[in-house]
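Asker: I have a structure here, written as structure tokens, and I will follow up with some questions on it.
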Amino acid sequence: MAQLQAPERIRAAERTGRPGRVVGGFFLFTGGIHLGIVAAGPEFYRHFADGALLPFITDSWRDVFMANPAAWGLALSLGEVALGLLLLRGGAWATAGWAGVIAFHLGLMLFGWGFWLWSVPALAFLVPSAVAHWRRQRQPAESRAP
């Protein structure tokens, strides 16, 4: 009897694993949060960088991001949604998604010590999950568990 084959996109999503689906869904959610912030009033972002670890980050935030917070807030929203979709897509796409969410959290740490309270535990989850995904991706296709 012939074995039924799932479409490639389903097999790729299965290779992402549960952590990829959880983090992907979370980033879709947070992308929606930023869309809501922009809709409600992008001035909410004004004090985000006040506690930044380096003065140029505070200055750049004020001079660049706050020059057009609605546009930058939408860009942030789209970036988070894109990372979420990459993780949910699975396979090689998720590899880029994992790199992106790790870079996102490392960048977030530049905004102040308070962000370390979120980012360090998040990275303690994200990095091992990403490494596990990358190891699965390096295995020959026929030896990967669905």
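Ordered as shown in the structure tokens, chains take letters A, B, and onward, while each chain numbers its residues from 1 and ligands are numbered from 1 in the order shown.
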Could you pull out the alpha helix (DSSP H) residues of stretch 26-135 of chain A from DSSP and send them as a tab-separated table (two decimals) with N, CA and C atoms, in the first residue's frame?

Answerer:
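Dumped to result15.tsv:
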```tsv
chain	number	residue	atom	x	y	z
A	26	PHE	N	3.21	33.64	19.23
A	26	PHE	CA	3.45	34.76	20.13
A	26	PHE	C	3.86	36.01	19.35
A	27	PHE	N	4.73	35.85	18.36
A	27	PHE	CA	5.16	37.00	17.57
A	27	PHE	C	4.03	37.53	16.70
A	28	LEU	N	3.13	36.69	16.23
A	28	LEU	CA	1.94	37.20	15.53
A	28	LEU	C	1.10	38.04	16.49
A	29	PHE	N	0.94	37.56	17.70
A	29	PHE	CA	0.18	38.28	18.72
A	29	PHE	C	0.82	39.63	19.03
A	30	THR	N	2.15	39.64	19.27
A	30	THR	CA	2.80	40.90	19.61
A	30	THR	C	2.82	41.87	18.43
A	31	GLY	N	2.84	41.34	17.22
A	31	GLY	CA	2.70	42.21	16.05
A	31	GLY	C	1.34	42.90	16.08
A	32	GLY	N	0.31	42.19	16.49
A	32	GLY	CA	-1.02	42.77	16.64
A	32	GLY	C	-1.06	43.81	17.75
A	33	ILE	N	-0.32	43.58	18.81
A	33	ILE	CA	-0.25	44.57	19.89
A	33	ILE	C	0.29	45.89	19.36
A	34	HIS	N	1.36	45.83	18.57
A	34	HIS	CA	1.93	47.06	18.03
A	34	HIS	C	0.97	47.73	17.04
A	35	LEU	N	0.23	46.96	16.31
A	35	LEU	CA	-0.78	47.54	15.43
A	35	LEU	C	-1.83	48.28	16.26
A	36	GLY	N	-2.21	47.70	17.39
A	36	GLY	CA	-3.15	48.36	18.29
A	36	GLY	C	-2.58	49.63	18.89
A	37	ILE	N	-1.30	49.61	19.25
A	37	ILE	CA	-0.66	50.81	19.80
A	37	ILE	C	-0.67	51.93	18.77
A	38	VAL	N	-0.34	51.60	17.54
A	38	VAL	CA	-0.34	52.62	16.48
A	38	VAL	C	-1.75	53.17	16.29
A	39	ALA	N	-2.74	52.30	16.30
A	39	ALA	CA	-4.12	52.75	16.11
A	39	ALA	C	-4.59	53.60	17.29
A	40	ALA	N	-4.18	53.25	18.50
A	40	ALA	CA	-4.64	53.96	19.69
A	40	ALA	C	-3.90	55.28	19.90
A	55	PRO	N	23.63	56.27	25.45
A	55	PRO	CA	22.93	57.51	25.12
A	55	PRO	C	22.52	57.63	23.65
A	56	PHE	N	23.34	57.10	22.74
A	56	PHE	CA	22.98	57.24	21.33
A	56	PHE	C	21.70	56.47	20.99
A	57	ILE	N	21.36	55.46	21.75
A	57	ILE	CA	20.11	54.73	21.52
A	57	ILE	C	18.93	55.62	21.89
A	58	THR	N	19.01	56.27	23.03
A	58	THR	CA	17.94	57.20	23.43
A	58	THR	C	17.80	58.32	22.41
A	59	ASP	N	18.93	58.88	22.00
A	59	ASP	CA	18.90	59.98	21.01
A	59	ASP	C	18.35	59.51	19.67
A	60	SER	N	18.79	58.34	19.22
A	60	SER	CA	18.30	57.81	17.94
A	60	SER	C	16.81	57.49	18.00
A	61	TRP	N	16.38	56.97	19.12
A	61	TRP	CA	14.95	56.67	19.28
A	61	TRP	C	14.13	57.95	19.16
A	62	ARG	N	14.57	58.97	19.84
A	62	ARG	CA	13.86	60.25	19.81
A	62	ARG	C	13.92	60.88	18.42
A	63	ASP	N	15.10	60.86	17.79
A	63	ASP	CA	15.29	61.55	16.52
A	63	ASP	C	14.77	60.78	15.32
A	69	PRO	N	6.38	58.01	14.58
A	69	PRO	CA	6.14	56.79	15.36
A	69	PRO	C	5.09	55.87	14.75
A	70	ALA	N	4.14	56.42	14.02
A	70	ALA	CA	3.12	55.55	13.41
A	70	ALA	C	3.77	54.65	12.35
A	71	ALA	N	4.59	55.22	11.50
A	71	ALA	CA	5.24	54.43	10.45
A	71	ALA	C	6.19	53.41	11.05
A	72	TRP	N	7.01	53.83	12.02
A	72	TRP	CA	7.95	52.90	12.64
A	72	TRP	C	7.23	51.84	13.47
A	73	GLY	N	6.13	52.22	14.12
A	73	GLY	CA	5.35	51.24	14.86
A	73	GLY	C	4.74	50.19	13.94
A	74	LEU	N	4.28	50.63	12.77
A	74	LEU	CA	3.77	49.68	11.77
A	74	LEU	C	4.89	48.79	11.25
A	75	ALA	N	6.07	49.36	11.04
A	75	ALA	CA	7.21	48.56	10.59
A	75	ALA	C	7.57	47.51	11.65
A	76	LEU	N	7.54	47.90	12.90
A	76	LEU	CA	7.80	46.97	13.99
A	76	LEU	C	6.75	45.86	14.00
A	77	SER	N	5.50	46.25	13.83
A	77	SER	CA	4.42	45.27	13.78
A	77	SER	C	4.62	44.28	12.64
A	78	LEU	N	4.92	44.81	11.45
A	78	LEU	CA	5.13	43.93	10.29
A	78	LEU	C	6.34	43.03	10.48
A	79	GLY	N	7.40	43.56	11.11
A	79	GLY	CA	8.57	42.73	11.37
A	79	GLY	C	8.26	41.57	12.30
A	80	GLU	N	7.51	41.84	13.34
A	80	GLU	CA	7.15	40.77	14.27
A	80	GLU	C	6.23	39.74	13.61
A	81	VAL	N	5.30	40.22	12.81
A	81	VAL	CA	4.41	39.30	12.08
A	81	VAL	C	5.23	38.44	11.11
A	82	ALA	N	6.18	39.06	10.42
A	82	ALA	CA	7.02	38.31	9.48
A	82	ALA	C	7.82	37.23	10.21
A	83	LEU	N	8.40	37.56	11.37
A	83	LEU	CA	9.13	36.55	12.13
A	83	LEU	C	8.21	35.42	12.57
A	84	GLY	N	7.01	35.78	13.02
A	84	GLY	CA	6.05	34.75	13.41
A	84	GLY	C	5.69	33.83	12.25
A	85	LEU	N	5.46	34.42	11.08
A	85	LEU	CA	5.10	33.61	9.91
A	85	LEU	C	6.25	32.72	9.46
A	86	LEU	N	7.48	33.22	9.56
A	86	LEU	CA	8.64	32.38	9.22
A	86	LEU	C	8.71	31.15	10.12
A	87	LEU	N	8.49	31.37	11.42
A	87	LEU	CA	8.52	30.24	12.35
A	87	LEU	C	7.37	29.27	12.09
A	88	LEU	N	6.21	29.80	11.80
A	88	LEU	CA	5.06	28.93	11.55
A	88	LEU	C	5.18	28.18	10.22
A	89	ARG	N	5.88	28.76	9.27
A	89	ARG	CA	6.08	28.12	7.96
A	89	ARG	C	6.93	26.88	8.10
A	91	GLY	N	10.56	24.49	8.42
A	91	GLY	CA	11.66	24.16	7.53
A	91	GLY	C	12.74	25.21	7.53
A	92	ALA	N	13.30	25.45	6.34
A	92	ALA	CA	14.38	26.43	6.21
A	92	ALA	C	13.89	27.84	6.54
A	93	TRP	N	12.62	28.12	6.31
A	93	TRP	CA	12.07	29.44	6.64
A	93	TRP	C	12.19	29.70	8.14
A	94	ALA	N	11.93	28.68	8.93
A	94	ALA	CA	12.00	28.84	10.38
A	94	ALA	C	13.42	29.12	10.85
A	95	THR	N	14.40	28.66	10.11
A	95	THR	CA	15.79	28.95	10.47
A	95	THR	C	16.00	30.46	10.51
A	96	ALA	N	15.52	31.17	9.51
A	96	ALA	CA	15.61	32.63	9.49
A	96	ALA	C	14.76	33.23	10.61
A	97	GLY	N	13.61	32.65	10.89
A	97	GLY	CA	12.75	33.13	11.96
A	97	GLY	C	13.42	33.04	13.32
A	98	TRP	N	14.07	31.90	13.57
A	98	TRP	CA	14.77	31.73	14.85
A	98	TRP	C	15.88	32.76	14.99
A	99	ALA	N	16.66	32.96	13.93
A	99	ALA	CA	17.74	33.96	13.98
A	99	ALA	C	17.16	35.34	14.25
A	100	GLY	N	16.02	35.64	13.63
A	100	GLY	CA	15.39	36.94	13.81
A	100	GLY	C	14.87	37.17	15.22
A	101	VAL	N	14.23	36.18	15.83
A	101	VAL	CA	13.69	36.39	17.18
A	101	VAL	C	14.81	36.48	18.21
A	102	ILE	N	15.90	35.76	17.97
A	102	ILE	CA	17.05	35.87	18.88
A	102	ILE	C	17.66	37.27	18.75
A	103	ALA	N	17.86	37.73	17.52
A	103	ALA	CA	18.41	39.08	17.30
A	103	ALA	C	17.49	40.14	17.89
A	104	PHE	N	16.19	39.95	17.75
A	104	PHE	CA	15.21	40.89	18.29
A	104	PHE	C	15.40	41.04	19.80
A	105	HIS	N	15.53	39.91	20.49
A	105	HIS	CA	15.68	39.97	21.95
A	105	HIS	C	17.03	40.52	22.37
A	106	LEU	N	18.07	40.22	21.63
A	106	LEU	CA	19.37	40.81	21.94
A	106	LEU	C	19.32	42.33	21.76
A	107	GLY	N	18.66	42.79	20.71
A	107	GLY	CA	18.50	44.23	20.50
A	107	GLY	C	17.66	44.88	21.58
A	108	LEU	N	16.63	44.19	22.01
A	108	LEU	CA	15.75	44.71	23.05
A	108	LEU	C	16.53	45.00	24.34
A	113	TRP	N	18.07	47.93	31.51
A	113	TRP	CA	18.18	46.74	32.36
A	113	TRP	C	16.84	46.08	32.60
A	114	GLY	N	15.77	46.84	32.62
A	114	GLY	CA	14.45	46.26	32.82
A	114	GLY	C	14.09	45.26	31.73
A	115	PHE	N	14.56	45.50	30.52
A	115	PHE	CA	14.27	44.58	29.42
A	115	PHE	C	15.06	43.28	29.56
A	116	TRP	N	16.11	43.30	30.36
A	116	TRP	CA	16.85	42.08	30.61
A	116	TRP	C	16.00	41.09	31.40
A	117	LEU	N	15.09	41.59	32.22
A	117	LEU	CA	14.21	40.70	33.00
A	117	LEU	C	13.33	39.85	32.09
A	118	TRP	N	13.01	40.37	30.92
A	118	TRP	CA	12.24	39.60	29.94
A	118	TRP	C	13.17	38.83	29.01
A	119	SER	N	14.19	39.51	28.50
A	119	SER	CA	15.00	38.96	27.42
A	119	SER	C	15.88	37.79	27.84
A	120	VAL	N	16.47	37.84	29.02
A	120	VAL	CA	17.35	36.75	29.44
A	120	VAL	C	16.58	35.43	29.56
A	121	PRO	N	15.44	35.40	30.27
A	121	PRO	CA	14.68	34.14	30.29
A	121	PRO	C	14.16	33.74	28.91
A	122	ALA	N	13.76	34.73	28.11
A	122	ALA	CA	13.29	34.41	26.76
A	122	ALA	C	14.41	33.78	25.94
A	123	LEU	N	15.60	34.35	26.02
A	123	LEU	CA	16.74	33.78	25.29
A	123	LEU	C	17.13	32.41	25.82
A	124	ALA	N	16.93	32.18	27.11
A	124	ALA	CA	17.20	30.85	27.69
A	124	ALA	C	16.28	29.80	27.08
A	125	PHE	N	15.13	30.21	26.59
A	125	PHE	CA	14.21	29.30	25.90
A	125	PHE	C	14.48	29.30	24.39
A	126	LEU	N	14.68	30.50	23.82
A	126	LEU	CA	14.81	30.63	22.37
A	126	LEU	C	16.07	29.98	21.82
A	127	VAL	N	17.20	30.20	22.46
A	127	VAL	CA	18.47	29.69	21.92
A	127	VAL	C	18.47	28.16	21.86
A	128	PRO	N	18.14	27.43	22.94
A	128	PRO	CA	18.11	25.96	22.82
A	128	PRO	C	17.06	25.48	21.81
A	129	SER	N	15.93	26.17	21.73
A	129	SER	CA	14.91	25.78	20.74
A	129	SER	C	15.42	25.96	19.33
A	130	ALA	N	16.11	27.08	19.10
A	130	ALA	CA	16.68	27.34	17.77
A	130	ALA	C	17.76	26.31	17.44
A	131	VAL	N	18.63	26.01	18.40
A	131	VAL	CA	19.69	25.03	18.16
A	131	VAL	C	19.09	23.67	17.82
A	132	ALA	N	18.04	23.28	18.54
A	132	ALA	CA	17.37	22.00	18.25
A	132	ALA	C	16.78	22.01	16.84
A	133	HIS	N	16.19	23.13	16.45
A	133	HIS	CA	15.64	23.25	15.09
A	133	HIS	C	16.76	23.14	14.06
A	134	TRP	N	17.85	23.87	14.29
A	134	TRP	CA	18.95	23.86	13.33
A	134	TRP	C	19.55	22.46	13.21
A	135	ARG	N	19.62	21.73	14.31
A	135	ARG	CA	20.13	20.35	14.25
A	135	ARG	C	19.19	19.46	13.45
```

Asker: One decimal, in Å: what's the spacing between atom CA of A:Phe44 and atom CA of A:Met109?

Answerer: 19.3 Å

Asker: If I take atom CA of A:Ala67 and atom CA of A:Gly41, how far is one from the other in Å, to one decimal?

Answerer: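 We find that atom CA of A:Ala67 and atom CA of A:Gly41 lie 14.0 Å from each other.
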
Asker: Could you please determine the separation between atom CA of A:Gly51 and atom CA of A:Leu110 in Å, to one decimal place?

Answerer: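 Interatomic distance here is 9.0 Å.
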
Asker: Between A:Pro140, A:Pro42, A:Leu53, A:Phe111, which has the minimum distance to A:Met66 (counting only C-alpha atoms)?

Answerer: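 For A:Met66, the nearest of the given residues is A:Pro42.
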
Asker: Using only C-alpha atoms, which residue out of A:Gln139, A:Ala52, A:Arg21, A:Arg46 lies closest to A:Val64?

Answerer: A:Arg46

Asker: Nearest to A:Asn68 among A:Leu54, A:Tyr45, A:Gln137, A:Arg18, with distances taken over only C-alpha atoms: which residue is it?

Answerer: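 Of all the options, A:Tyr45 lies closest to A:Asn68.
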